[in-house]
>>> print(open('entry-v3.cif').read())   # mmCIF, C-alpha atoms
data_run
#
loop_
_atom_site.label_atom_id
_atom_site.label_comp_id
_atom_site.auth_asym_id
_atom_site.auth_seq_id
_atom_site.Cartn_x
_atom_site.Cartn_y
_atom_site.Cartn_z
CA TYR J 312 26.34 29.33 15.44
CA GLU J 313 27.01 26.51 17.84
CA ILE J 314 25.29 25.72 21.12
CA TYR J 315 27.55 23.81 23.48
CA GLN J 316 26.20 21.25 25.93
CA CYS J 317 28.37 19.61 28.57
CA ASP J 318 27.81 16.95 31.15
CA TRP J 319 29.79 18.45 34.03
CA SER J 320 30.07 15.05 35.71
CA SER J 321 32.27 13.76 32.89
CA ASP J 322 34.78 15.06 30.40
CA VAL J 323 32.37 14.62 27.50
CA CYS J 324 31.03 17.70 25.74
CA SER J 325 28.97 17.89 22.60
CA SER J 326 27.87 20.70 20.37
CA ASP J 327 24.78 21.05 18.25
CA LEU J 328 25.12 23.03 15.03
CA LYS J 329 22.54 25.46 13.71
CA TRP J 330 22.44 26.27 10.02
CA LEU J 331 20.48 28.89 8.10
CA PRO J 332 21.37 28.06 4.48
CA ASN J 333 18.91 30.60 3.02
CA SER J 334 20.78 33.46 4.67
CA GLN J 335 24.24 31.89 4.94
CA ASP J 336 24.16 31.33 1.16
CA PHE J 337 25.13 27.68 0.88
CA ASP J 338 23.46 24.50 -0.31
CA PRO J 339 23.26 21.54 2.13
CA ALA J 340 23.20 19.27 -0.95
CA ASP J 341 26.61 20.48 -2.15
CA GLU J 342 28.90 17.49 -2.75
CA LYS J 343 31.80 19.38 -1.16
CA ILE J 344 30.10 19.07 2.24
CA LYS J 345 30.30 15.24 2.27
CA PRO J 346 33.54 15.04 4.33
CA PHE J 347 32.00 17.37 6.91
CA TYR J 348 28.85 15.23 7.02
CA ARG J 349 30.90 12.09 7.60
CA HIS J 350 32.78 13.76 10.45
CA VAL J 351 29.60 15.10 12.07
CA ALA J 352 27.89 11.70 11.75
CA ALA J 353 30.89 9.95 13.35
CA LEU J 354 30.77 12.38 16.28
CA GLY J 355 26.98 12.05 16.65
CA ILE J 356 26.43 15.80 16.45
CA PRO J 357 22.93 16.74 15.21
CA ILE J 358 22.41 19.73 12.92
CA LEU J 359 19.44 22.02 13.43
CA CYS J 360 18.84 23.35 9.93
CA HIS J 361 16.37 26.00 8.85
CA THR J 362 13.87 24.62 6.35
CA GLY J 363 11.21 26.43 4.37
CA TYR J 364 11.32 30.12 3.58
CA GLU J 365 13.32 32.52 5.72
CA HIS J 366 11.39 35.58 6.90
CA ALA J 367 13.48 37.19 9.65
CA ILE J 368 17.04 37.38 8.27
CA LYS J 369 17.87 38.57 4.75
CA PRO J 370 17.84 35.50 2.48
CA TRP J 371 20.19 35.06 -0.45
CA ARG J 372 18.62 31.84 -1.72
CA GLN J 373 15.20 30.56 -0.71
CA ASP J 374 15.54 27.33 -2.74
CA VAL J 375 18.04 25.86 -0.26
CA GLY J 376 15.31 25.79 2.40
CA ASP J 377 13.87 22.69 0.75
CA PRO J 378 14.31 19.78 3.23
CA ALA J 379 15.07 17.51 0.26
CA ARG J 380 18.49 19.27 0.26
CA LEU J 381 19.26 17.39 3.50
CA ALA J 382 19.01 13.95 1.87
CA GLN J 383 22.74 13.67 1.19
CA GLY J 384 23.66 14.25 4.83
CA LEU J 385 20.84 12.03 6.05
CA GLY J 386 22.12 9.25 3.81
CA LEU J 387 25.55 9.61 5.41
CA GLY J 388 24.09 9.19 8.89
CA VAL J 389 23.75 12.82 10.02
CA TYR J 390 20.88 13.57 12.40
CA PHE J 391 19.03 16.64 11.13
CA ILE J 392 16.37 18.64 12.91
CA ALA J 393 14.37 20.45 10.23
CA ALA J 394 13.47 23.76 11.80
CA HIS J 395 9.83 24.77 11.23
CA ALA J 396 9.11 21.20 10.03
CA GLY J 397 9.82 22.21 6.45
CA SER J 398 7.01 24.79 6.37
CA SER J 399 7.47 27.82 4.14
CA GLY J 400 4.75 30.07 5.50
CA ILE J 401 1.25 30.94 4.38
CA ALA J 402 2.33 33.59 1.85
CA HIS J 403 4.78 31.60 -0.29
CA ARG J 404 4.27 29.76 -3.55
CA HIS J 405 6.85 27.02 -2.96
CA GLU J 406 5.81 24.74 -0.12
CA HIS J 407 8.06 22.13 1.48
CA PHE J 408 5.91 20.84 4.34
CA GLY J 409 4.71 17.82 2.35
CA THR J 410 8.31 17.02 1.42
CA PHE J 411 9.25 17.06 5.10
CA LEU J 412 6.40 14.68 6.01
CA ARG J 413 7.35 12.26 3.22
CA MET J 414 11.01 12.35 4.22
CA LEU J 415 10.14 11.36 7.80
CA GLY J 416 9.07 8.00 6.40
CA ASP J 417 12.35 7.53 4.52
CA HIS J 418 14.89 8.84 7.01
CA PRO J 419 14.77 7.69 10.67
CA ASN J 420 17.50 10.25 11.49
CA LEU J 421 15.32 13.19 10.39
CA TYR J 422 13.50 15.19 13.05
CA GLY J 423 11.47 18.38 12.87
CA ASP J 424 10.88 21.18 15.30
CA LEU J 425 7.82 23.24 16.15
CA SER J 426 9.50 26.65 16.11
CA ALA J 427 7.39 29.44 14.60
CA LEU J 428 4.33 27.19 14.28
CA THR J 429 2.31 29.34 16.70
CA ASN J 430 2.83 32.65 14.89
CA ILE J 431 0.93 34.30 12.06
CA SER J 432 3.16 33.08 9.22
CA ARG J 433 3.14 29.34 9.97
CA PHE J 434 0.23 28.50 12.28
CA PRO J 435 -1.70 26.25 9.81
CA TYR J 436 1.14 23.72 9.87
CA LEU J 437 0.77 23.03 13.58
CA LYS J 438 -2.86 22.13 12.93
CA LYS J 439 -1.77 19.85 10.08
CA LEU J 440 0.78 18.08 12.30
CA VAL J 441 -1.84 17.51 14.99
CA ASP J 442 -4.34 16.26 12.41
CA ASP J 443 -1.68 13.95 10.91
CA GLY J 444 -1.22 12.48 14.39
CA GLY J 445 1.99 10.66 13.61
CA HIS J 446 5.71 11.14 13.97
CA TRP J 447 5.53 12.73 17.43
CA ASP J 448 8.56 10.66 18.43
CA ARG J 449 10.61 12.71 15.95
CA ILE J 450 9.20 16.16 16.58
CA VAL J 451 10.99 18.41 19.06
CA HIS J 452 9.93 21.61 20.74
CA GLY J 453 11.15 24.97 19.49
CA SER J 454 9.67 28.41 20.09
CA ASP J 455 11.23 30.84 17.56
CA PHE J 456 11.50 33.41 20.37
CA PRO J 457 11.28 36.44 20.17
CA VAL J 458 8.66 36.06 17.42
CA PRO J 459 5.39 36.31 19.39
CA PRO J 460 2.99 33.33 19.54
CA SER J 461 -0.75 33.99 19.26
CA PRO J 462 -3.38 31.67 20.76
CA PHE J 463 -6.12 33.48 18.83
CA LEU J 464 -4.87 31.85 15.63
CA PHE J 465 -6.13 28.57 17.13
CA ALA J 466 -9.46 29.80 18.55
CA ASP J 467 -11.28 27.59 16.03
CA ARG J 468 -9.79 24.58 17.83
CA ILE J 469 -9.39 25.64 21.44
CA GLY J 470 -12.23 28.14 21.76
CA LEU J 471 -12.13 31.88 22.36
CA ALA J 472 -12.24 31.57 26.16
CA GLN J 473 -9.18 29.30 26.31
CA ALA J 474 -7.34 31.44 23.74
CA THR J 475 -8.02 34.50 25.90
CA ARG J 476 -6.71 32.73 29.02
CA ILE J 477 -3.54 31.67 27.21
CA ALA J 478 -3.04 35.17 25.77
CA LYS J 479 -2.77 36.48 29.35
CA ILE J 480 0.30 34.31 30.08
CA PRO J 481 3.02 36.97 30.34
CA ASN J 482 6.02 34.82 29.43
CA PRO J 483 5.99 34.26 25.62
CA LEU J 484 7.84 30.93 25.96
CA HIS J 485 5.24 29.63 28.40
CA ARG J 486 2.46 31.02 26.17
CA ASP J 487 3.92 29.18 23.17
CA ALA J 488 4.03 25.89 25.09
CA ALA J 489 0.47 26.40 26.38
CA ILE J 490 -0.84 26.93 22.86
CA LYS J 491 0.80 23.74 21.63
CA ARG J 492 -0.52 21.70 24.52
CA ALA J 493 -4.05 23.10 24.08
CA VAL J 494 -4.03 22.30 20.36
CA GLY J 495 -3.03 18.69 21.04
CA VAL J 496 0.76 18.45 20.84
CA PRO J 497 1.86 15.69 23.24
CA ASP J 498 4.11 16.60 26.17
CA SER J 499 6.71 14.12 24.89
CA VAL J 500 7.97 16.63 22.30
CA ALA J 501 9.51 18.66 25.12
CA SER J 502 12.04 15.90 25.81
CA ASN J 503 12.55 14.32 22.37
CA GLY J 504 16.14 14.38 21.23
CA LEU J 505 17.66 14.96 24.65
CA GLY J 506 19.81 11.85 24.23
CA TRP J 507 22.10 13.54 21.71
#
>>> encode(input="entry-v3.cif", output="structure tokens")
Amino acid sequence: YEIYQCDWSSDVCSSDLKWLPNSQDFDPADEKIKPFYRHVAALGIPILCHTGYEHAIKPWRQDVGDPARLAQGLGLGVYFIAAHAGSSGIAHRHEHFGTFLRMLGDHPNLYGDLSALTNISRFPYLKKLVDDGGHWDRIVHGSDFPVPPSPFLFADRIGLAQATRIAKIPNPLHRDAAIKRAVGVPDSVASNGLGW
């Protein structure tokens, strides 16, 4: 689907695209997409693309969640936001998180988001990003709402008392942000990418 953003003080509007190739049954590396990529790059429209395994919506192909499939579009100048930072989840054999991290070094127009990294299936990756300590200028906030975040998954880092305090935050979006801040995600991720 598309999310439209407009600056009401001008006549300029932009849209950001969201793709879920695993469930939409297409390959971002397909050569036939090149003209679309060129058009999107010329317009400066970023694409938020699911990466890793899909858990919530019936997948047709899990292999297309590999962030390496975005290389063609990245090479043509498209800005991609790799949803879930390329992570597949703790129960899957094929992992793409390392691919995502390597690609950040090769593609300055690649970003990643933190959606789902505070829930049971992907929480170890948030710890790995914090431990890596780099690339925060190209990581953006995402929540994966309504999937519930759990601060207790991070009690080893933030302590049981702080996890309990965060768990009492009634709004799940605020709880998600509080977990990330407590674990060590810098506040800057909340505003990265707003210039699109």
>>> atom_distance(input="entry-v3.cif", atom1="atom CA of J:Gly445", atom2="atom CA of J:Ala394")
17.5 Å
>>> atom_distance(input="entry-v3.cif", atom1="atom CA of J:Pro378", atom2="atom CA of J:His405")
12.1 Å
>>> closest_residue(input="entry-v3.cif", among="J:Asn503, J:Gly444, J:Ala396, J:Val458", to="J:Gly409", atoms="all atoms listed in the file")
J:Ala396
>>> atom_distance(input="entry-v3.cif", atom1="atom CA of J:Val500", atom2="atom CA of J:Val451")
4.8 Å
>>> residues_around(input="entry-v3.cif", residues="J:Ser432", least_positions_apart="5", cutoff="12 Å", atoms="only C-alpha atoms", output="PyMOL selection string")
chain J and resi 363-367+395+398-403+426-427+437+455+458-461+464
>>> residues_around(input="entry-v3.cif", residues="J:Asp336", least_positions_apart="2", cutoff="10 Å", atoms="all atoms listed in the file", output="list in words")
Leu331, Pro332, Asn333, Ser334, Asp338, Pro339, Pro370, Trp371, Arg372, Gln373 and Val375 of chain J
>>> resolve_selection(input="entry-v3.cif", expression="the PyMOL selection byres ((chain J and resi 465-473) around 10)", output="ChimeraX atom specification")
/J:429,434-435,437-438,461-464,474-478,490-491,493-495
>>> closest_residue(input="entry-v3.cif", among="J:Ala340, J:Lys345, J:Gly397, J:Phe408", to="J:Arg380", atoms="all atoms listed in the file")
J:Ala340
>>> resolve_selection(input="entry-v3.cif", expression="the PyMOL selection byres ((chain J and resi 348) around 10)", output="ChimeraX atom specification")
/J:339,343-347,349-354,356,358,383-390
>>> resolve_selection(input="entry-v3.cif", expression="the PyMOL selection byres ((chain J and resi 449) around 10)", output="PyMOL selection string")
chain J and resi 392+415+419-424+445-448+450-451+499-500+503-504
>>> axis_aligned_box(input="entry-v3.cif", around="stretch 428-434 of chain J", padding_each_side="5 Å", output="JSON")
{"center_x": 2.3, "center_y": 30.7, "center_z": 13.0, "size_x": 14.1, "size_y": 17.1, "size_z": 17.5}
>>> closest_residue(input="entry-v3.cif", among="J:Ile480, J:Val441, J:Leu381, J:Leu359", to="J:Leu428", atoms="only C-alpha atoms")
J:Val441
>>> closest_residue(input="entry-v3.cif", among="J:Phe411, J:Glu342, J:Asp417, J:Leu440", to="J:Val496", atoms="only C-alpha atoms")
J:Leu440
